[in-house]
Amino acid sequence: MGKKFHILSLGCPKNQIDAEVMSALLSGAGYEIAADESKAELILVNTCAFITSAKQEAIYEIFRLAEYKKRGRCRKLVVTGCLPQRYGVTLEREMPEADLFVGTGEIGRIAELMRGLYSTGSFPRLVAGPPQFLMNSGFPRLLSMPAPSAYIKISEGCANCCSYCIIPSLRGKLRSRSPEDVLEEAKVLAAAGVKELVVVSQDTTAYGRDLPGKPELPDLLQDMARIGGIRWIRILYAHPAGITDRLLKTIAGEEKICRYLDMPIQHIDDDILHSMNRKISGTEIRKKIMRARQIVPGIVLRTSLMVGYPGETAAAFDKLAGFIKETEFERLGVFSYSREEGTAAASLPRQVPEAEKKRRRNEVMEEQAVISFRSNQALVGSMQEVLVEAPGEAPGTVSGRHRGQAPEIDGITHVRGEAAPGDIIRCRVTSADTYDIEAGPCAE
């Protein structure tokens with residue numbers, strides 16, 4: 001066909017993988033990628049609808065990109081992902097700027113849908129069936145991350161049913177890929193030059209519960225570590241209730257697995273956790289953290305927290321703030337509770353005012369900035385492996401990440417010296433700020 005297309009992907013790494021699959025399928029169907037959105041005849045916006053701010057961002061981007069239909073080369077604007085899955089009928093009625101809305105269950109059909117869109121006959125503007133799509137190693141991907149790293153999605157959907165979360169209705173029930181299929185994709189990625197696999201899903205610790213024989217995450221990780229070419233393996237989105245001693249011992253015992261664990265806890269107050277349906281108590285969370293640091297010395301722990309959940313009293317928030325100071329997570333993100341229709345929490349009493357949510361979030365982030373700075377300062381003088389991602393901004397430098405830095409969400413390591421993207425070099429940390437660090441070659 002020769003038509004140029006551009007995909008803007010919003011939201012989480014799981015969305016990013018979907019966008020990579022769509023890019024590859026369209027390329028395979030004869031479309032040509034346009035790195036510059038203004039040069040594209042076909043523009044796709046892959047959306048997130050998890051919380052209000054994500055929906056607002058998606059709508060803003062749709063209207064912004066629709067301007068290319070008025071004053072640019074764009075002829076077709078397609079909206080994909082979670083926003084159409086959640087609000088497809090409303091969008092079809094109220095957003096004439098878009099030519100097609102595609103739900104999360106139709107990702108694997110994108111080339112077929114584009115053929116229909118460009119056909120001379122009539123074609124529905126909304127295609128959003130049940131969210132049952134599960135990618136496999138047979139689907140191609142055009143990677144969008146820096147060449148040395150790639151996300152690998154081991155399951156889709158979620159069975160946790162947290163009271164504030166809309167994900168099960170957007171992504172469906174838990175559907176794990178077979179270990180053999182995940183490993184096949186990992187081998188393909190390794191053959192393409194990927195050095196770091198970042199393991200993701202809605203809940204990585206739930207992996208395998210729905211499969212015959214119930215394979216577990218530690219077994220999958222150990223098999224990944226046997227793949228030649230893969231140097232680092234990193235785990236994101238591990239529900240604390242599913243973190244076991246066996247998983248921690250696997251992290252400690254496999255050289256390729258980074259001593260890094262992302263474990264979103266959301267809160268520490270028992271009443272809040274119970275209302276959230278998190279299936280874990282504050283005491284159990286503390287025990288998980290203690291075991292992680294005992295079993296995996298030097299582990300970098302990242303967490304996500306929610307402030308302003310309905311019924312979060314001043315005392316409950318103070319408990320959370322004190323826990324943050326006490327625990328000193330090396331990495332931490334905070335978001336304000338978003339009241340989402342269709343969730344159990346939306347109808348709860350004692351909703352927290354928006355201004356108070358913002359105040360609480362700011363208080364947590366200010367405290368975490370102090371902790372993060374202290375944590376990075378402790379690295380000064382230490383030797384670190386750094387995965388080089390790109391040339392640095394300053395001449396004679398490169399940028400990358402050490403094992404304690406996840407792509408896109410954590411800081412950057414700036415290194416004096418020369419190296420190629422994909423190289424893993426040993427460096428000595430020379431200075432650090434709140435988020436980024438600087439290092440020199442180990443010979444210095």
# chains A, B, ... in the order shown; residues from 1 in each chain; ligands from 1

call {"tool": "residues_around", "arguments": {"residues": "Gly208 (chain A)", "least_positions_apart": "6", "cutoff": "10 Å", "atoms": "only C-alpha atoms", "output": "PyMOL selection string"}}
result
chain A and resi 154-155+174-179+214-217+220

call {"tool": "select_by_dssp", "arguments": {"residues": "region 22-146 of chain A", "states": "strand (DSSP E)", "output": "PyMOL selection string"}}
result
chain A and resi 32-33+42-47+76-81+100-102+126-127

call {"tool": "atom_distance", "arguments": {"atom1": "CA of Ser201 (chain A)", "atom2": "CA of Glu184 (chain A)"}}
result
17.2 Å

call {"tool": "residues_around", "arguments": {"residues": "Arg246 (chain A)", "least_positions_apart": "2", "cutoff": "12 Å", "atoms": "only C-alpha atoms", "output": "ChimeraX atom specification"}}
result
/A:205,216-219,221-222,242-244,248-253,291-292,295-296

call {"tool": "closest_residue", "arguments": {"among": "A:Ser281, A:Val198, A:Ala369, A:Ala192", "to": "Gly228 (chain A)", "atoms": "only C-alpha atoms"}}
result
A:Ala192

call {"tool": "residues_around", "arguments": {"residues": "region 81-86 of chain A", "least_positions_apart": "3", "cutoff": "10 Å", "atoms": "only C-alpha atoms", "output": "PyMOL selection string"}}
result
chain A and resi 9-11+15+18-19+45-50+54-55+58-59+89-92+100-107+126-131+166-167+169-171

call {"tool": "residues_around", "arguments": {"residues": "Glu32 (chain A)", "least_positions_apart": "4", "cutoff": "12 Å", "atoms": "only C-alpha atoms", "output": "list in words"}}
result
Met1, Gly2, Lys3, Lys4, Phe5, His6, Ile7, Ser23, Ala24, Leu25, Leu26, Ser27, Gly28, Asp36, Lys39, Ala40, Glu41, Leu42 and Ile43 of chain A

call {"tool": "select_by_dssp", "arguments": {"residues": "region 28-276 of chain A", "states": "helix (DSSP H, G or I)", "output": "JSON, numbers by chain"}}
result
{"A": [28, 37, 38, 39, 52, 53, 54, 55, 56, 57, 58, 59, 60, 61, 62, 63, 64, 65, 66, 67, 68, 69, 70, 71, 82, 83, 84, 85, 86, 87, 88, 89, 90, 91, 92, 93, 94, 104, 105, 106, 107, 108, 109, 110, 111, 112, 113, 114, 115, 116, 117, 167, 168, 169, 170, 171, 179, 180, 181, 182, 183, 184, 185, 186, 187, 188, 189, 190, 191, 204, 205, 206, 217, 218, 219, 220, 221, 222, 223, 224, 240, 241, 242, 245, 246, 247, 248, 249, 250, 251, 252, 253, 270, 271, 272, 273, 274, 275, 276]}

call {"tool": "write_last_selection", "arguments": {"atoms": "C-alpha atoms", "output": "short mmCIF file (atom, residue, chain, number, x, y, z; two decimals), in the first residue's frame"}}
result
data_model
loop_
_atom_site.label_atom_id
_atom_site.label_comp_id
_atom_site.auth_asym_id
_atom_site.auth_seq_id
_atom_site.Cartn_x
_atom_site.Cartn_y
_atom_site.Cartn_z
CA GLY A 28 4.00 -6.45 7.37
CA GLU A 37 3.58 12.33 12.94
CA SER A 38 3.14 15.25 10.54
CA LYS A 39 4.27 13.04 7.65
CA THR A 52 -8.90 10.42 34.98
CA SER A 53 -5.56 12.04 34.14
CA ALA A 54 -4.82 9.26 31.62
CA LYS A 55 -8.21 9.75 29.97
CA GLN A 56 -7.67 13.49 29.80
CA GLU A 57 -4.25 13.01 28.21
CA ALA A 58 -5.71 10.61 25.64
CA ILE A 59 -8.52 12.98 24.67
CA TYR A 60 -6.10 15.90 24.41
CA GLU A 61 -3.82 13.91 22.11
CA ILE A 62 -6.72 12.74 19.92
CA PHE A 63 -7.87 16.32 19.33
CA ARG A 64 -4.29 17.51 18.80
CA LEU A 65 -3.58 14.85 16.20
CA ALA A 66 -6.96 15.44 14.55
CA GLU A 67 -5.60 18.83 13.46
CA TYR A 68 -3.42 16.99 10.94
CA LYS A 69 -6.61 15.95 9.16
CA LYS A 70 -7.49 19.62 8.71
CA ARG A 71 -4.09 21.06 7.90
CA CYS A 82 -8.40 1.10 26.67
CA LEU A 83 -10.35 4.28 25.95
CA PRO A 84 -12.45 2.71 23.15
CA GLN A 85 -12.79 -0.49 25.19
CA ARG A 86 -14.30 1.51 28.04
CA TYR A 87 -16.15 4.33 26.29
CA GLY A 88 -16.47 3.16 22.70
CA VAL A 89 -20.17 3.90 22.20
CA THR A 90 -19.83 7.39 23.68
CA LEU A 91 -16.71 8.14 21.64
CA GLU A 92 -18.36 6.99 18.43
CA ARG A 93 -21.23 9.37 19.09
CA GLU A 94 -19.32 12.38 20.37
CA THR A 104 -8.05 -3.94 23.42
CA GLY A 105 -9.36 -7.27 22.15
CA GLU A 106 -8.75 -6.37 18.51
CA ILE A 107 -5.02 -5.56 18.62
CA GLY A 108 -4.09 -8.64 16.60
CA ARG A 109 -6.56 -7.69 13.83
CA ILE A 110 -5.24 -4.20 13.20
CA ALA A 111 -4.06 -4.83 9.62
CA GLU A 112 -7.40 -6.44 8.75
CA LEU A 113 -9.26 -3.51 10.29
CA MET A 114 -7.22 -1.02 8.29
CA ARG A 115 -8.09 -2.87 5.08
CA GLY A 116 -11.74 -2.49 6.02
CA LEU A 117 -11.30 1.17 6.91
CA ILE A 167 -8.42 -2.95 34.53
CA PRO A 168 -10.38 -6.26 34.60
CA SER A 169 -13.13 -4.71 32.48
CA LEU A 170 -10.57 -3.19 30.07
CA ARG A 171 -8.21 -6.15 29.79
CA PRO A 179 6.19 -20.87 29.55
CA GLU A 180 7.29 -22.28 26.19
CA ASP A 181 5.73 -19.37 24.32
CA VAL A 182 7.25 -16.72 26.59
CA LEU A 183 10.67 -18.31 26.28
CA GLU A 184 10.35 -18.49 22.50
CA GLU A 185 9.71 -14.74 22.37
CA ALA A 186 12.62 -14.14 24.76
CA LYS A 187 14.89 -16.05 22.38
CA VAL A 188 13.67 -13.97 19.44
CA LEU A 189 14.38 -10.78 21.39
CA ALA A 190 17.84 -12.03 22.36
CA ALA A 191 18.59 -12.85 18.72
CA THR A 204 3.57 -10.72 37.47
CA THR A 205 3.28 -12.83 40.62
CA ALA A 206 -0.09 -14.17 39.40
CA LEU A 217 7.20 -17.11 37.98
CA PRO A 218 10.45 -18.37 39.59
CA ASP A 219 10.61 -21.30 37.15
CA LEU A 220 10.01 -19.00 34.20
CA LEU A 221 12.71 -16.60 35.37
CA GLN A 222 15.23 -19.39 35.80
CA ASP A 223 14.56 -20.60 32.26
CA MET A 224 14.89 -17.04 30.93
CA PRO A 240 3.19 -7.96 47.39
CA ALA A 241 0.76 -10.74 48.36
CA GLY A 242 2.36 -12.96 45.71
CA ASP A 245 10.64 -16.62 49.62
CA ARG A 246 11.10 -18.83 46.57
CA LEU A 247 10.83 -15.84 44.24
CA LEU A 248 13.25 -13.86 46.37
CA LYS A 249 15.74 -16.75 46.47
CA THR A 250 15.50 -17.00 42.69
CA ILE A 251 16.37 -13.31 42.39
CA ALA A 252 19.26 -13.75 44.81
CA GLY A 253 20.54 -16.91 43.15
CA ASP A 270 -5.19 -2.07 57.31
CA ASP A 271 -8.63 -0.47 56.96
CA ILE A 272 -7.63 1.11 53.65
CA LEU A 273 -6.02 -2.09 52.38
CA HIS A 274 -9.14 -4.07 53.28
CA SER A 275 -11.40 -1.56 51.53
CA MET A 276 -9.11 -1.68 48.48
#

call {"tool": "residues_around", "arguments": {"residues": "Ala225 (chain A)", "least_positions_apart": "5", "cutoff": "9 Å", "atoms": "only C-alpha atoms", "output": "PyMOL selection string"}}
result
chain A and resi 220+230-233+254-257

call {"tool": "atom_distance", "arguments": {"atom1": "CA of Val380 (chain A)", "atom2": "CA of Ala439 (chain A)"}}
result
8.6 Å

call {"tool": "residues_around", "arguments": {"residues": "Arg293 (chain A)", "least_positions_apart": "5", "cutoff": "12 Å", "atoms": "only C-alpha atoms", "output": "list in words"}}
result
Asp245, Leu248, Lys249, Ile251, Ala252, Arg259, Tyr260, Leu261, Arg286, Lys287, Lys288, Gly298, Ile299, Val300, Leu301, Thr327, Glu328, Phe329 and Glu330 of chain A

call {"tool": "atom_distance", "arguments": {"atom1": "CA of Leu134 (chain A)", "atom2": "CA of Lys173 (chain A)"}}
result
10.9 Å

call {"tool": "closest_residue", "arguments": {"among": "A:Cys74, A:Lys279, A:Thr120, A:Glu196", "to": "Arg403 (chain A)", "atoms": "only C-alpha atoms"}}
result
A:Glu196
